[in-house]
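Undergrad: Data file coords_3.txt (compact mmCIF, C-alpha atoms) is appended below.
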# COMPACT_ATOMS: atom_id res chain seq x y z
CA MET A 1155 0.00 0.00 0.00
CA SER A 1156 1.43 3.33 -1.04
CA HIS A 1157 1.41 6.37 1.22
CA ALA A 1158 1.84 10.06 0.58
CA THR A 1159 5.50 11.04 0.79
CA SER A 1160 4.93 14.72 1.48
CA ARG A 1161 2.36 16.73 3.37
CA LEU A 1162 -0.31 18.38 1.23
CA ASP A 1163 -1.93 21.71 1.96
CA ALA A 1164 -5.35 20.33 1.05
CA VAL A 1165 -7.07 17.25 -0.29
CA VAL A 1166 -10.35 17.42 -2.23
CA ILE A 1167 -12.50 14.29 -2.11
CA GLY A 1168 -14.66 13.95 -5.21
CA ALA A 1169 -14.10 15.28 -8.73
CA GLY A 1170 -17.58 16.35 -9.72
CA ALA A 1171 -18.52 19.97 -10.36
CA ALA A 1172 -17.98 20.91 -6.70
CA GLY A 1173 -14.66 19.11 -6.37
CA ILE A 1174 -13.32 20.56 -9.60
CA ALA A 1175 -14.34 24.10 -8.61
CA ALA A 1176 -12.79 23.66 -5.15
CA ALA A 1177 -9.54 22.35 -6.59
CA LEU A 1178 -9.31 25.15 -9.16
CA SER A 1179 -9.79 27.72 -6.38
CA LEU A 1180 -7.14 26.12 -4.18
CA ARG A 1181 -4.66 25.80 -7.02
CA ALA A 1182 -5.19 29.43 -8.00
CA ALA A 1183 -4.23 30.35 -4.42
CA GLY A 1184 -0.93 28.50 -4.82
CA LEU A 1185 -1.73 25.60 -2.48
CA ASP A 1186 -0.31 22.10 -2.87
CA ILE A 1187 -3.37 19.94 -3.48
CA LEU A 1188 -4.57 16.53 -4.60
CA VAL A 1189 -8.02 15.40 -5.73
CA LEU A 1190 -9.17 11.89 -4.82
CA GLU A 1191 -11.86 10.45 -7.10
CA ALA A 1192 -13.41 7.00 -6.75
CA ARG A 1193 -14.59 6.89 -10.37
CA ASP A 1194 -12.34 6.49 -13.39
CA ARG A 1195 -13.47 9.84 -14.78
CA LEU A 1196 -14.16 13.46 -13.90
CA GLY A 1197 -17.63 14.95 -13.54
CA GLY A 1198 -19.50 12.86 -10.96
CA ARG A 1199 -23.22 13.17 -11.68
CA ALA A 1200 -22.36 15.14 -14.83
CA HIS A 1201 -21.49 12.55 -17.46
CA THR A 1202 -21.48 12.72 -21.26
CA ASP A 1203 -21.17 9.54 -23.36
CA ALA A 1204 -22.04 8.78 -26.99
CA CYS A 1205 -23.25 5.26 -26.06
CA GLY A 1206 -22.69 4.09 -29.62
CA THR A 1207 -24.59 6.98 -31.22
CA PRO A 1208 -23.30 9.98 -33.20
CA TYR A 1209 -24.43 12.22 -30.35
CA ALA A 1210 -23.05 13.52 -27.07
CA LEU A 1211 -25.63 12.17 -24.61
CA ASP A 1212 -25.81 13.76 -21.18
CA LEU A 1213 -26.62 10.89 -18.85
CA GLY A 1214 -26.64 13.19 -15.84
CA CYS A 1215 -27.27 16.93 -15.74
CA GLU A 1216 -28.12 18.35 -19.16
CA TRP A 1217 -29.49 21.87 -18.81
CA LEU A 1218 -27.78 25.10 -17.83
CA HIS A 1219 -30.58 26.38 -15.62
CA SER A 1220 -30.70 30.14 -14.96
CA ALA A 1221 -28.20 30.30 -17.80
CA ASP A 1222 -28.15 34.11 -17.87
CA ASP A 1223 -26.74 34.02 -14.32
CA ASN A 1224 -24.76 30.79 -14.48
CA VAL A 1225 -21.00 30.70 -14.10
CA LEU A 1226 -20.77 27.48 -16.12
CA ALA A 1227 -22.52 29.16 -19.05
CA ARG A 1228 -19.78 31.78 -19.02
CA LEU A 1229 -17.00 29.19 -18.77
CA ALA A 1230 -18.27 26.90 -21.54
CA PRO A 1231 -17.09 29.04 -24.50
CA GLU A 1232 -13.68 29.45 -22.86
CA ARG A 1233 -13.31 25.65 -22.99
CA GLY A 1234 -14.42 25.40 -26.59
CA PHE A 1235 -18.06 24.45 -25.95
CA SER A 1236 -20.77 26.42 -27.71
CA LEU A 1237 -24.23 26.91 -26.23
CA ASP A 1238 -27.58 25.91 -27.70
CA LYS A 1239 -29.97 28.70 -26.69
CA THR A 1240 -33.05 27.15 -28.28
CA ASP A 1241 -36.09 27.32 -26.01
CA PRO A 1242 -36.35 24.14 -23.93
CA PRO A 1243 -39.04 21.57 -24.77
CA TRP A 1244 -41.01 22.30 -21.59
CA SER A 1245 -41.60 25.89 -22.73
CA ARG A 1246 -44.21 24.51 -25.12
CA ARG A 1247 -47.47 22.74 -24.30
CA PRO A 1248 -46.90 18.98 -24.50
CA LEU A 1249 -49.04 16.37 -26.13
CA ARG A 1250 -51.08 14.75 -23.35
CA CYS A 1251 -52.35 11.20 -23.60
CA GLY A 1252 -56.12 10.78 -23.66
CA LEU A 1253 -56.99 14.45 -23.17
CA GLY A 1254 -59.08 16.73 -25.29
CA GLU A 1255 -58.25 20.38 -25.73
CA ALA A 1256 -60.61 21.52 -22.98
CA GLU A 1257 -59.25 19.01 -20.45
CA ALA A 1258 -55.65 19.91 -21.30
CA ALA A 1259 -56.44 23.59 -20.82
CA ARG A 1260 -58.08 22.84 -17.47
CA PHE A 1261 -54.97 21.02 -16.31
CA GLU A 1262 -52.83 24.02 -17.22
CA VAL A 1263 -55.09 26.19 -15.05
CA ASP A 1264 -54.91 23.74 -12.13
CA GLN A 1265 -51.15 23.48 -12.45
CA ALA A 1266 -50.70 27.26 -12.48
CA ALA A 1267 -52.90 27.54 -9.39
CA PHE A 1268 -50.75 24.94 -7.60
CA TRP A 1269 -47.56 26.89 -8.37
CA GLU A 1270 -49.17 30.08 -7.06
CA ARG A 1271 -50.24 28.37 -3.83
CA LEU A 1272 -46.79 26.83 -3.40
CA GLU A 1273 -45.08 30.18 -3.87
CA ARG A 1274 -47.33 31.86 -1.34
CA ALA A 1275 -47.01 28.98 1.12
CA GLY A 1276 -43.23 28.91 0.86
CA ALA A 1277 -42.95 32.64 1.50
CA GLU A 1278 -45.33 32.42 4.47
CA ALA A 1279 -43.47 29.41 5.89
CA GLN A 1280 -40.22 31.34 5.73
CA ARG A 1281 -41.80 34.30 7.55
CA SER A 1282 -43.34 32.15 10.25
CA GLY A 1283 -40.59 29.56 10.48
CA ARG A 1284 -43.20 26.79 10.27
CA ASP A 1285 -42.25 24.49 7.44
CA HIS A 1286 -44.54 21.87 5.89
CA PRO A 1287 -44.60 19.44 2.95
CA ALA A 1288 -45.12 21.09 -0.41
CA SER A 1289 -47.97 18.59 -0.99
CA ASP A 1290 -50.09 20.65 1.43
CA CYS A 1291 -50.64 22.98 -1.53
CA PHE A 1292 -52.64 20.46 -3.53
CA ASP A 1293 -56.24 21.23 -4.38
CA ARG A 1294 -57.63 17.84 -3.40
CA GLN A 1295 -60.44 18.21 -5.93
CA ALA A 1296 -58.17 18.75 -8.94
CA ARG A 1297 -57.97 15.81 -11.30
CA GLY A 1298 -54.41 16.59 -12.35
CA ASN A 1299 -52.73 16.10 -8.97
CA GLY A 1300 -51.10 12.89 -10.19
CA LEU A 1301 -49.20 14.65 -12.96
CA ILE A 1302 -48.41 17.65 -10.72
CA ASP A 1303 -46.83 15.17 -8.29
CA ALA A 1304 -44.98 13.52 -11.18
CA ILE A 1305 -43.50 16.91 -12.04
CA SER A 1306 -42.02 17.03 -8.54
CA THR A 1307 -40.35 13.67 -9.19
CA TYR A 1308 -38.71 15.22 -12.26
CA TYR A 1309 -37.74 18.42 -10.42
CA ASN A 1310 -36.81 16.96 -7.04
CA GLY A 1311 -36.49 13.23 -7.61
CA ALA A 1312 -39.25 12.77 -5.00
CA PRO A 1313 -42.98 13.55 -4.60
CA TRP A 1314 -44.12 16.83 -3.07
CA SER A 1315 -44.91 15.08 0.22
CA ARG A 1316 -41.16 14.64 0.79
CA VAL A 1317 -40.17 18.17 -0.21
CA SER A 1318 -39.82 21.13 2.18
CA ALA A 1319 -41.96 24.11 1.14
CA ILE A 1320 -39.32 26.49 2.54
CA ASP A 1321 -36.47 24.79 0.72
CA PHE A 1322 -38.25 24.78 -2.62
CA ASP A 1323 -39.16 28.45 -2.19
CA ARG A 1324 -35.49 29.35 -1.75
CA TYR A 1325 -34.51 27.96 -5.14
CA VAL A 1326 -33.64 30.71 -7.62
CA ASP A 1327 -34.68 30.24 -11.25
CA THR A 1328 -34.46 32.98 -13.87
CA GLY A 1329 -36.31 30.80 -16.39
CA VAL A 1330 -33.45 30.80 -18.92
CA ASN A 1331 -32.31 27.29 -19.89
CA TRP A 1332 -29.62 26.37 -22.43
CA ARG A 1333 -27.86 23.20 -23.55
CA VAL A 1334 -24.11 22.69 -24.02
CA ARG A 1335 -23.23 21.46 -27.48
CA GLY A 1336 -20.79 18.62 -27.04
CA GLY A 1337 -22.23 17.74 -23.64
CA TYR A 1338 -22.62 19.37 -20.24
CA GLY A 1339 -20.70 16.55 -18.58
CA ALA A 1340 -17.89 16.80 -21.12
CA MET A 1341 -17.61 20.53 -20.47
CA ILE A 1342 -17.40 20.06 -16.69
CA ALA A 1343 -14.78 17.34 -17.13
CA ALA A 1344 -12.78 19.69 -19.37
CA LEU A 1345 -12.68 22.29 -16.59
CA GLY A 1346 -10.72 19.86 -14.43
CA GLY A 1347 -8.68 18.23 -17.15
CA ASP A 1348 -5.30 19.40 -15.85
CA LEU A 1349 -5.88 18.98 -12.11
CA PRO A 1350 -3.84 16.49 -10.05
CA VAL A 1351 -6.34 13.63 -9.62
CA ARG A 1352 -6.02 10.08 -8.29
CA PHE A 1353 -8.70 8.01 -10.02
CA GLY A 1354 -10.18 4.81 -8.62
CA CYS A 1355 -9.34 6.11 -5.17
CA HIS A 1356 -12.11 5.11 -2.76
CA VAL A 1357 -11.96 6.94 0.56
CA GLY A 1358 -12.84 4.73 3.51
CA ARG A 1359 -12.03 6.87 6.54
CA LEU A 1360 -11.24 10.45 7.43
CA ASP A 1361 -9.45 11.15 10.74
CA LEU A 1362 -9.24 14.58 12.38
CA GLY A 1363 -7.55 13.28 15.52
CA GLY A 1364 -4.03 14.45 14.71
CA ARG A 1365 -2.47 17.73 13.69
CA ASP A 1366 -3.32 17.01 10.08
CA VAL A 1367 -6.33 15.47 8.37
CA ARG A 1368 -5.64 11.84 7.55
CA ILE A 1369 -7.50 10.24 4.65
CA ASP A 1370 -7.39 6.45 4.36
CA THR A 1371 -8.08 5.10 0.89
CA ALA A 1372 -7.73 1.94 -1.15
CA GLN A 1373 -4.55 3.46 -2.58
CA GLY A 1374 -2.98 4.31 0.77
CA SER A 1375 -3.21 7.10 3.30
CA PHE A 1376 -2.83 10.81 2.63
CA GLU A 1377 -2.22 13.62 5.08
CA ALA A 1378 -3.10 17.24 4.53
CA GLY A 1379 -3.59 20.36 6.56
CA ARG A 1380 -7.21 20.56 5.45
CA ALA A 1381 -9.77 18.79 3.28
CA ILE A 1382 -12.95 19.43 1.29
CA ILE A 1383 -15.54 16.65 0.96
CA THR A 1384 -17.78 16.84 -2.12
CA VAL A 1385 -19.37 13.37 -2.19
CA PRO A 1386 -23.20 13.22 -2.39
CA THR A 1387 -25.29 13.41 0.78
CA SER A 1388 -26.77 9.94 0.33
CA VAL A 1389 -23.26 8.49 0.26
CA LEU A 1390 -22.33 10.46 3.39
CA ALA A 1391 -25.47 9.23 5.16
CA SER A 1392 -24.83 5.62 4.12
CA GLY A 1393 -21.67 5.38 6.22
CA ALA A 1394 -19.52 4.51 3.21
CA ILE A 1395 -16.92 6.90 4.63
CA ARG A 1396 -16.16 6.77 8.35
CA PHE A 1397 -15.71 10.11 10.12
CA ASP A 1398 -14.77 11.29 13.59
CA ALA A 1399 -17.48 12.27 16.06
CA ALA A 1400 -16.69 15.92 15.24
CA CYS A 1401 -18.61 15.41 11.99
CA ASP A 1402 -21.76 13.93 13.55
CA ASP A 1403 -23.86 17.10 13.12
CA HIS A 1404 -22.91 17.30 9.46
CA LEU A 1405 -23.67 13.64 8.79
CA HIS A 1406 -26.97 14.06 10.60
CA ALA A 1407 -27.77 17.04 8.34
CA ALA A 1408 -26.96 14.90 5.30
CA THR A 1409 -29.74 12.47 6.26
CA TYR A 1410 -32.24 15.34 5.91
CA LEU A 1411 -30.95 16.12 2.41
CA PRO A 1412 -31.40 12.80 0.59
CA LEU A 1413 -30.85 12.43 -3.11
CA GLY A 1414 -34.01 11.90 -5.10
CA VAL A 1415 -33.90 9.83 -8.26
CA ALA A 1416 -34.26 10.99 -11.86
CA ASN A 1417 -33.32 8.58 -14.64
CA LYS A 1418 -33.15 8.93 -18.39
CA LEU A 1419 -33.83 6.58 -21.26
CA PHE A 1420 -32.55 7.20 -24.79
CA LEU A 1421 -34.17 5.48 -27.77
CA ARG A 1422 -33.24 5.72 -31.44
CA LEU A 1423 -36.22 6.96 -33.44
CA ASP A 1424 -36.72 5.73 -36.99
CA GLU A 1425 -38.34 8.20 -39.41
CA ALA A 1426 -37.63 10.97 -36.94
CA GLU A 1427 -38.25 13.66 -39.54
CA ALA A 1428 -41.99 13.08 -39.11
CA PHE A 1429 -41.81 15.03 -35.83
CA PRO A 1430 -40.76 18.61 -35.14
CA PRO A 1431 -37.66 18.91 -32.94
CA ASP A 1432 -38.24 18.77 -29.19
CA THR A 1433 -41.83 17.53 -29.37
CA ARG A 1434 -42.95 16.76 -25.82
CA LEU A 1435 -45.19 13.93 -24.73
CA SER A 1436 -46.63 13.59 -21.24
CA GLY A 1437 -48.78 10.83 -19.85
CA SER A 1438 -52.11 10.78 -18.08
CA ILE A 1439 -52.75 13.73 -15.77
CA ASP A 1440 -54.12 11.56 -12.96
CA GLN A 1441 -51.03 9.36 -12.56
CA ARG A 1442 -47.79 10.09 -10.75
CA ASP A 1443 -45.85 7.05 -11.95
CA ILE A 1444 -45.37 8.03 -15.57
CA GLY A 1445 -42.54 9.14 -17.80
CA THR A 1446 -42.28 12.26 -19.88
CA TYR A 1447 -40.71 12.17 -23.34
CA THR A 1448 -39.01 14.47 -25.80
CA LEU A 1449 -39.16 13.33 -29.42
CA ARG A 1450 -36.20 14.44 -31.52
CA SER A 1451 -34.51 15.75 -28.37
CA GLY A 1452 -32.15 18.54 -29.42
CA GLY A 1453 -33.06 17.86 -33.03
CA ARG A 1454 -31.49 14.39 -32.87
CA ALA A 1455 -33.05 11.16 -34.16
CA LEU A 1456 -33.77 10.16 -30.58
CA ILE A 1457 -36.45 10.02 -27.97
CA GLU A 1458 -35.31 11.04 -24.51
CA GLY A 1459 -37.46 9.67 -21.70
CA TYR A 1460 -37.39 11.05 -18.19
CA PHE A 1461 -38.53 9.18 -15.06
CA GLY A 1462 -38.48 10.34 -11.46
CA GLY A 1463 -39.01 9.32 -7.85
CA ASP A 1464 -40.15 5.86 -6.79
CA TYR A 1465 -41.18 5.08 -10.37
CA ALA A 1466 -37.61 5.65 -11.54
CA ARG A 1467 -36.29 3.46 -8.70
CA HIS A 1468 -38.71 0.69 -9.61
CA LEU A 1469 -37.80 0.74 -13.31
CA GLU A 1470 -34.11 0.88 -12.46
CA GLU A 1471 -34.44 -2.42 -10.62
CA GLY A 1472 -35.61 -3.99 -13.88
CA GLY A 1473 -32.79 -2.52 -15.95
CA LEU A 1474 -32.97 -1.27 -19.52
CA ALA A 1475 -35.75 -3.69 -20.46
CA ALA A 1476 -38.09 -2.25 -17.81
CA PHE A 1477 -37.52 1.31 -19.00
CA VAL A 1478 -38.05 0.30 -22.62
CA ASP A 1479 -41.28 -1.60 -21.86
CA ALA A 1480 -42.67 1.40 -19.96
CA ALA A 1481 -41.72 3.80 -22.74
CA ARG A 1482 -43.18 1.66 -25.51
CA ARG A 1483 -46.45 1.36 -23.61
CA GLU A 1484 -46.76 5.05 -22.78
CA ILE A 1485 -45.69 6.24 -26.24
CA ALA A 1486 -48.08 3.79 -27.92
CA GLU A 1487 -50.97 5.30 -25.93
CA ALA A 1488 -50.30 8.61 -27.69
CA PHE A 1489 -49.16 7.59 -31.16
CA GLY A 1490 -50.20 3.99 -31.57
CA SER A 1491 -48.19 0.81 -31.63
CA ASP A 1492 -46.70 1.58 -35.06
CA LEU A 1493 -44.38 4.19 -33.58
CA SER A 1494 -43.34 2.01 -30.68
CA THR A 1495 -41.99 -0.56 -33.19
CA LYS A 1496 -39.69 2.10 -34.63
CA LEU A 1497 -37.76 2.55 -31.38
CA THR A 1498 -34.37 1.02 -30.68
CA PRO A 1499 -33.00 1.07 -27.10
CA VAL A 1500 -29.74 2.95 -26.55
CA VAL A 1501 -29.20 3.35 -22.80
CA ALA A 1502 -30.98 3.91 -19.51
CA THR A 1503 -29.33 5.47 -16.48
CA GLY A 1504 -29.33 3.97 -12.99
CA TRP A 1505 -28.36 6.68 -10.51
CA ALA A 1506 -30.08 5.13 -7.48
CA SER A 1507 -28.00 1.96 -7.67
CA ASP A 1508 -24.74 3.76 -8.46
CA PRO A 1509 -22.80 3.30 -5.18
CA LEU A 1510 -20.90 6.54 -5.73
CA SER A 1511 -24.04 8.66 -5.99
CA LEU A 1512 -27.06 6.69 -4.60
CA GLY A 1513 -29.35 9.13 -6.35
CA SER A 1514 -29.51 12.14 -8.62
CA TYR A 1515 -29.84 15.40 -6.68
CA SER A 1516 -30.86 16.57 -3.23
CA HIS A 1517 -34.10 17.80 -1.73
CA ALA A 1518 -34.66 18.93 1.85
CA LEU A 1519 -37.20 16.96 3.83
CA PRO A 1520 -40.06 19.00 5.34
CA GLY A 1521 -38.87 20.82 8.44
CA HIS A 1522 -35.20 20.58 7.49
CA ALA A 1523 -34.49 23.29 4.92
CA ASP A 1524 -31.74 24.69 7.14
CA ALA A 1525 -29.82 21.41 7.00
CA ARG A 1526 -28.08 22.84 3.93
CA CYS A 1527 -26.55 25.59 6.06
CA VAL A 1528 -25.50 23.12 8.76
CA LEU A 1529 -23.73 20.95 6.20
CA ALA A 1530 -21.93 23.97 4.76
CA GLU A 1531 -20.35 24.95 8.10
CA PRO A 1532 -16.62 24.10 8.47
CA VAL A 1533 -15.52 21.48 10.97
CA ASP A 1534 -12.71 22.72 13.21
CA SER A 1535 -11.49 25.06 10.42
CA ARG A 1536 -9.95 21.98 8.80
CA LEU A 1537 -12.77 20.25 6.99
CA TRP A 1538 -15.48 21.53 4.63
CA PHE A 1539 -18.43 19.84 2.96
CA ALA A 1540 -19.49 21.23 -0.41
CA GLY A 1541 -21.79 20.32 -3.27
CA GLU A 1542 -25.19 21.09 -4.70
CA ALA A 1543 -26.73 19.97 -1.39
CA THR A 1544 -25.02 22.81 0.52
CA SER A 1545 -26.41 25.46 -1.85
CA ALA A 1546 -29.46 27.26 -0.47
CA ARG A 1547 -30.39 28.81 -3.82
CA LEU A 1548 -29.09 26.51 -6.58
CA PHE A 1549 -29.37 23.05 -5.04
CA SER A 1550 -29.83 20.12 -7.42
CA THR A 1551 -27.74 21.85 -10.11
CA ALA A 1552 -24.16 21.70 -11.33
CA PRO A 1553 -23.66 25.48 -11.01
CA GLY A 1554 -24.89 25.23 -7.44
CA ALA A 1555 -22.27 22.54 -6.85
CA GLY A 1556 -19.62 24.65 -8.55
CA GLU A 1557 -20.45 27.73 -6.51
CA GLU A 1558 -20.27 25.73 -3.29
CA GLY A 1559 -16.99 24.09 -4.22
CA ALA A 1560 -15.49 27.50 -4.96
CA ARG A 1561 -16.92 28.85 -1.68
CA ALA A 1562 -15.25 26.06 0.29
CA GLY A 1563 -12.00 26.63 -1.59
CA VAL A 1564 -12.00 30.33 -0.71
CA GLN A 1565 -12.79 29.61 2.94
CA LEU A 1566 -10.06 27.00 3.19
CA THR A 1567 -7.53 29.36 1.62
CA GLU A 1568 -8.47 32.09 4.07
CA ALA A 1569 -8.01 29.67 6.98
CA VAL A 1570 -4.51 28.86 5.72
CA ARG A 1571 -3.64 32.54 5.43
CA GLN A 1572 -4.92 33.26 8.94
CA GLN A 1573 -2.85 30.42 10.31
CA ILE A 1574 0.26 31.76 8.59
CA SER A 1575 -0.43 35.27 9.94
CA LEU A 1576 -0.75 33.91 13.50
CA ARG A 1577 2.56 32.08 13.20
CA ARG A 1578 4.29 35.24 12.04
CA ALA A 1579 2.74 37.40 14.78
Kindly return the structure encoded in the file as C-alpha cells.

TA:
Amino acid sequence: MSHATSRLDAVVIGAGAAGIAAALSLRAAGLDILVLEARDRLGGRAHTDACGTPYALDLGCEWLHSADDNVLARLAPERGFSLDKTDPPWSRRPLRCGLGEAEAARFEVDQAAFWERLERAGAEAQRSGRDHPASDCFDRQARGNGLIDAISTYYNGAPWSRVSAIDFDRYVDTGVNWRVRGGYGAMIAALGGDLPVRFGCHVGRLDLGGRDVRIDTAQGSFEAGRAIITVPTSVLASGAIRFDAACDDHLHAATYLPLGVANKLFLRLDEAEAFPPDTRLSGSIDQRDIGTYTLRSGGRALIEGYFGGDYARHLEEGGLAAFVDAARREIAEAFGSDLSTKLTPVVATGWASDPLSLGSYSHALPGHADARCVLAEPVDSRLWFAGEATSARLFSTAPGAGEEGARAGVQLTEAVRQQISLRRA
C-alpha cells in the first residue's frame, strides 16, 4: 500500500462539479493539493457519453438552468463548448395522452394555481418559520394532482410530500435554460482536465484526531492540513466513509438532504423527420408514476425519456428492459403501436444503484431546509463539505455545486492565510 510522501496543503474528495471548482480555487491560491476520485473519470453526476450513437448524450445533468446568471454558461465558450440557446421543450405545451383540448387547458389552469399556492405557502413558511410538505398545496379536488406530483419527481427526484416548502421556495430560477453542445458533462470534465487527480481512489475513513487530516483510501493514506468533501449526501449518510465524532452534526444534516432519483432513457427513433424537434409527450394527468418524453430531443433522431421518484427506482431495478417496456407502452398510448416498433433502445441510467451517488440530486425533507446551512459549516477550520446539497439557492444543479466548491476553496484558503499570519505574529 502506497502512502503520501509529502504533506499536502489540502485534499479534495470527489471530482464532480464541486470538487473541480474547489480544486481550481485552491490551485489558483498556490496551495499544494490533490483530488481523490473513486470513479475512473471526472464529472461525478455530470457525465457525457455517446453510447454508440453519433451524439453527445448527457446521462446526468443536461441543462444550464438560470443560464443568464450561471458561471458554467460563461465558462463553456472558454473551454471550446458552444451553447444551444433554443427554447427548452417544456416551454411549449406537451401532447397529453387521452386528453381533449378543454381538459388539457383545465390542467394548465390547475397546475398554475398549484404553483401560485406553493409560492405563497413557501414565502409564508419562511416568515413564520413553520415548514410543511409542499404537498399541502394540492387542491384535493383537482384531477391533475397525479401529474403535478410527477412533475415534482422530475424536479426533485421525489414527490411533493417529501419536499420542504421552505427549501423549494429558496430555489432561484431565472427561467433561462440552455444546452451545451458537445455535452454538459464533457464541459465540466474539461474544466478539471489538468488537475492532479487520483482516479479509482475510494476513501474509507477520514481522521481529524491528529495535527493534520488523515484520509485512508484503497490506494494508501494521505495527510493534509485541510480537506474538502464533495461526495453526495446519500453516500455520506450511508456510512460509506467513516468520520470522527466531530462530523456527527454534518452527517446528521446529510440524512435530511437525501438524493431523489431521476433517470433517463434514450431510444433511437426511426423516421424521426416526421416530428418537429423537441416535441414533448406527457402521460395521463391523474397518474404520478409516468414518464415524460421528448421526441427528436435537441433535433437528434432520438427520444429522450425522463422518469423520477419511486417510479424511476422501480424501473431501475428492472434494468434497460423495464424502461423500454414502460416507454413503448406510454408512447403507444399517444401515437399507436406503429411508432413504438420504430424505437431502438440505446441506454438507460441507474443513478439510485450507483454506489458513488445513490441518487440524482438533493431535496430537503419537510422541516429541514436549514440542514443545507449546517452541512456547509466548516468542521474545526480543517474540513469543509461542499456540493449542490449545501447550496441554499441553486441546489440540485451543477452550477450550485460549482459555486459551493469555490466557496469552500476560498474559505479553506483564508483559513490557511490566517494560520500563517498567527505564526508570524

Undergrad: Taking (-9.7, 28.6, -9.3) as a centre in this file's frame and 12 Å as the limit, can you find every polymer residue with an atom that close, using all atoms listed in the file, and give them as a ChimeraX atom specification?

TA: /A:1172-1185,1229,1345-1346,1349,1556-1557,1559-1564,1567

Undergrad: Report the distance between atom CA of A:Asp1432 and atom CA of A:Leu1253 in Å, rounded to one decimal place.

TA: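 Those two atoms sit 20.2 Å apart.
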
Undergrad: Excluding A:Val1189 and its own-chain neighbours fewer than 4 positions away, which residues fall within 6 Å of it when counting all atoms listed in the file? Please give them as a list in words.

TA: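 Everything that qualifies: Val1165, Val1166, Ile1167 and Val1351 of chain A.
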
Undergrad: If I take atom CA of A:Ala1319 and atom CA of A:Ala1221, how far is one from the other in Å, to one decimal?

TA: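 According to the coordinates, atom CA of A:Ala1319 and atom CA of A:Ala1221 are separated by 24.2 Å.
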
Undergrad: Counting only C-alpha atoms, figure out which residue out of A:Gly1379, A:Gly1437, A:Gly1311, A:Gly1445 gets nearest to A:Phe1489.

TA: A:Gly1437

Undergrad: From the set A:Ser1494, A:Asp1370, A:Arg1396, A:Pro1412, which residue has the shortest atom-to-atom contact distance to A:Glu1425, counting all atoms listed in the file?

TA: A:Ser1494

Undergrad: Within 12 Å of stretch 1289-1304 of chain A, which residues of stretch 1369-1478 of chain A show up? Give each one with its shortest atom-to-atom distance in Å (one decimal) and the two atoms involved, counting all atoms listed in the file, rows by chain then rising residue number, as a tab-separated table.

TA:
residue	atom	partner	partner_atom	distance
A:Ala1416	CA	A:Ala1304	CA	11.0
A:Ser1436	CA	A:Leu1301	CA	8.7
A:Gly1437	CA	A:Leu1301	CA	7.9
A:Ser1438	CA	A:Leu1301	CA	7.0
A:Ile1439	CA	A:Leu1301	CA	4.6
A:Asp1440	CA	A:Gly1300	CA	4.3
A:Gln1441	CA	A:Gly1300	CA	4.3
A:Arg1442	CA	A:Gly1300	CA	4.4
A:Asp1443	CA	A:Ala1304	CA	6.6
A:Ile1444	CA	A:Ala1304	CA	7.0
A:Gly1445	CA	A:Ala1304	CA	8.3
A:Thr1446	CA	A:Ala1304	CA	9.2
A:Tyr1460	CA	A:Ala1304	CA	10.6
A:Phe1461	CA	A:Ala1304	CA	8.7
A:Gly1462	CA	A:Ala1304	CA	7.2
A:Gly1463	CA	A:Ala1304	CA	8.0
A:Asp1464	CA	A:Ala1304	CA	10.1
A:Tyr1465	CA	A:Ala1304	CA	9.3
A:Ala1466	CA	A:Ala1304	CA	10.8

Undergrad: Since the input lacks atoms, please generate N, CA and C atoms for stretch 1314-1326 of chain A and provide them as a PDB file, in the frame of the given file.

TA:
ATOM      1  N   TRP A1314     -44.024  15.599  -3.868  1.00  0.00           N
ATOM      2  CA  TRP A1314     -44.120  16.830  -3.070  1.00  0.00           C
ATOM      3  C   TRP A1314     -44.250  16.546  -1.583  1.00  0.00           C
ATOM      4  N   SER A1315     -44.755  15.392  -1.198  1.00  0.00           N
ATOM      5  CA  SER A1315     -44.910  15.080   0.220  1.00  0.00           C
ATOM      6  C   SER A1315     -43.570  14.968   0.935  1.00  0.00           C
ATOM      7  N   ARG A1316     -42.486  14.769   0.184  1.00  0.00           N
ATOM      8  CA  ARG A1316     -41.160  14.640   0.790  1.00  0.00           C
ATOM      9  C   ARG A1316     -40.291  15.869   0.539  1.00  0.00           C
ATOM     10  N   VAL A1317     -40.919  16.958   0.139  1.00  0.00           N
ATOM     11  CA  VAL A1317     -40.170  18.170  -0.210  1.00  0.00           C
ATOM     12  C   VAL A1317     -40.580  19.308   0.723  1.00  0.00           C
ATOM     13  N   SER A1318     -39.586  19.977   1.311  1.00  0.00           N
ATOM     14  CA  SER A1318     -39.820  21.130   2.180  1.00  0.00           C
ATOM     15  C   SER A1318     -40.331  22.318   1.369  1.00  0.00           C
ATOM     16  N   ALA A1319     -41.422  22.924   1.809  1.00  0.00           N
ATOM     17  CA  ALA A1319     -41.960  24.110   1.140  1.00  0.00           C
ATOM     18  C   ALA A1319     -40.977  25.270   1.228  1.00  0.00           C
ATOM     19  N   ILE A1320     -40.307  25.413   2.377  1.00  0.00           N
ATOM     20  CA  ILE A1320     -39.320  26.490   2.540  1.00  0.00           C
ATOM     21  C   ILE A1320     -38.148  26.278   1.608  1.00  0.00           C
ATOM     22  N   ASP A1321     -37.635  25.067   1.564  1.00  0.00           N
ATOM     23  CA  ASP A1321     -36.470  24.790   0.720  1.00  0.00           C
ATOM     24  C   ASP A1321     -36.775  25.066  -0.736  1.00  0.00           C
ATOM     25  N   PHE A1322     -37.913  24.588  -1.210  1.00  0.00           N
ATOM     26  CA  PHE A1322     -38.250  24.780  -2.620  1.00  0.00           C
ATOM     27  C   PHE A1322     -38.424  26.263  -2.929  1.00  0.00           C
ATOM     28  N   ASP A1323     -38.955  27.022  -1.979  1.00  0.00           N
ATOM     29  CA  ASP A1323     -39.160  28.450  -2.190  1.00  0.00           C
ATOM     30  C   ASP A1323     -37.824  29.191  -2.318  1.00  0.00           C
ATOM     31  N   ARG A1324     -36.788  28.678  -1.714  1.00  0.00           N
ATOM     32  CA  ARG A1324     -35.490  29.350  -1.750  1.00  0.00           C
ATOM     33  C   ARG A1324     -34.752  29.173  -3.074  1.00  0.00           C
ATOM     34  N   TYR A1325     -35.187  28.214  -3.863  1.00  0.00           N
ATOM     35  CA  TYR A1325     -34.510  27.960  -5.140  1.00  0.00           C
ATOM     36  C   TYR A1325     -34.693  29.166  -6.072  1.00  0.00           C
ATOM     37  N   VAL A1326     -33.619  29.552  -6.724  1.00  0.00           N
ATOM     38  CA  VAL A1326     -33.640  30.710  -7.620  1.00  0.00           C
ATOM     39  C   VAL A1326     -33.619  30.223  -9.071  1.00  0.00           C
TER      40      VAL A1326
END
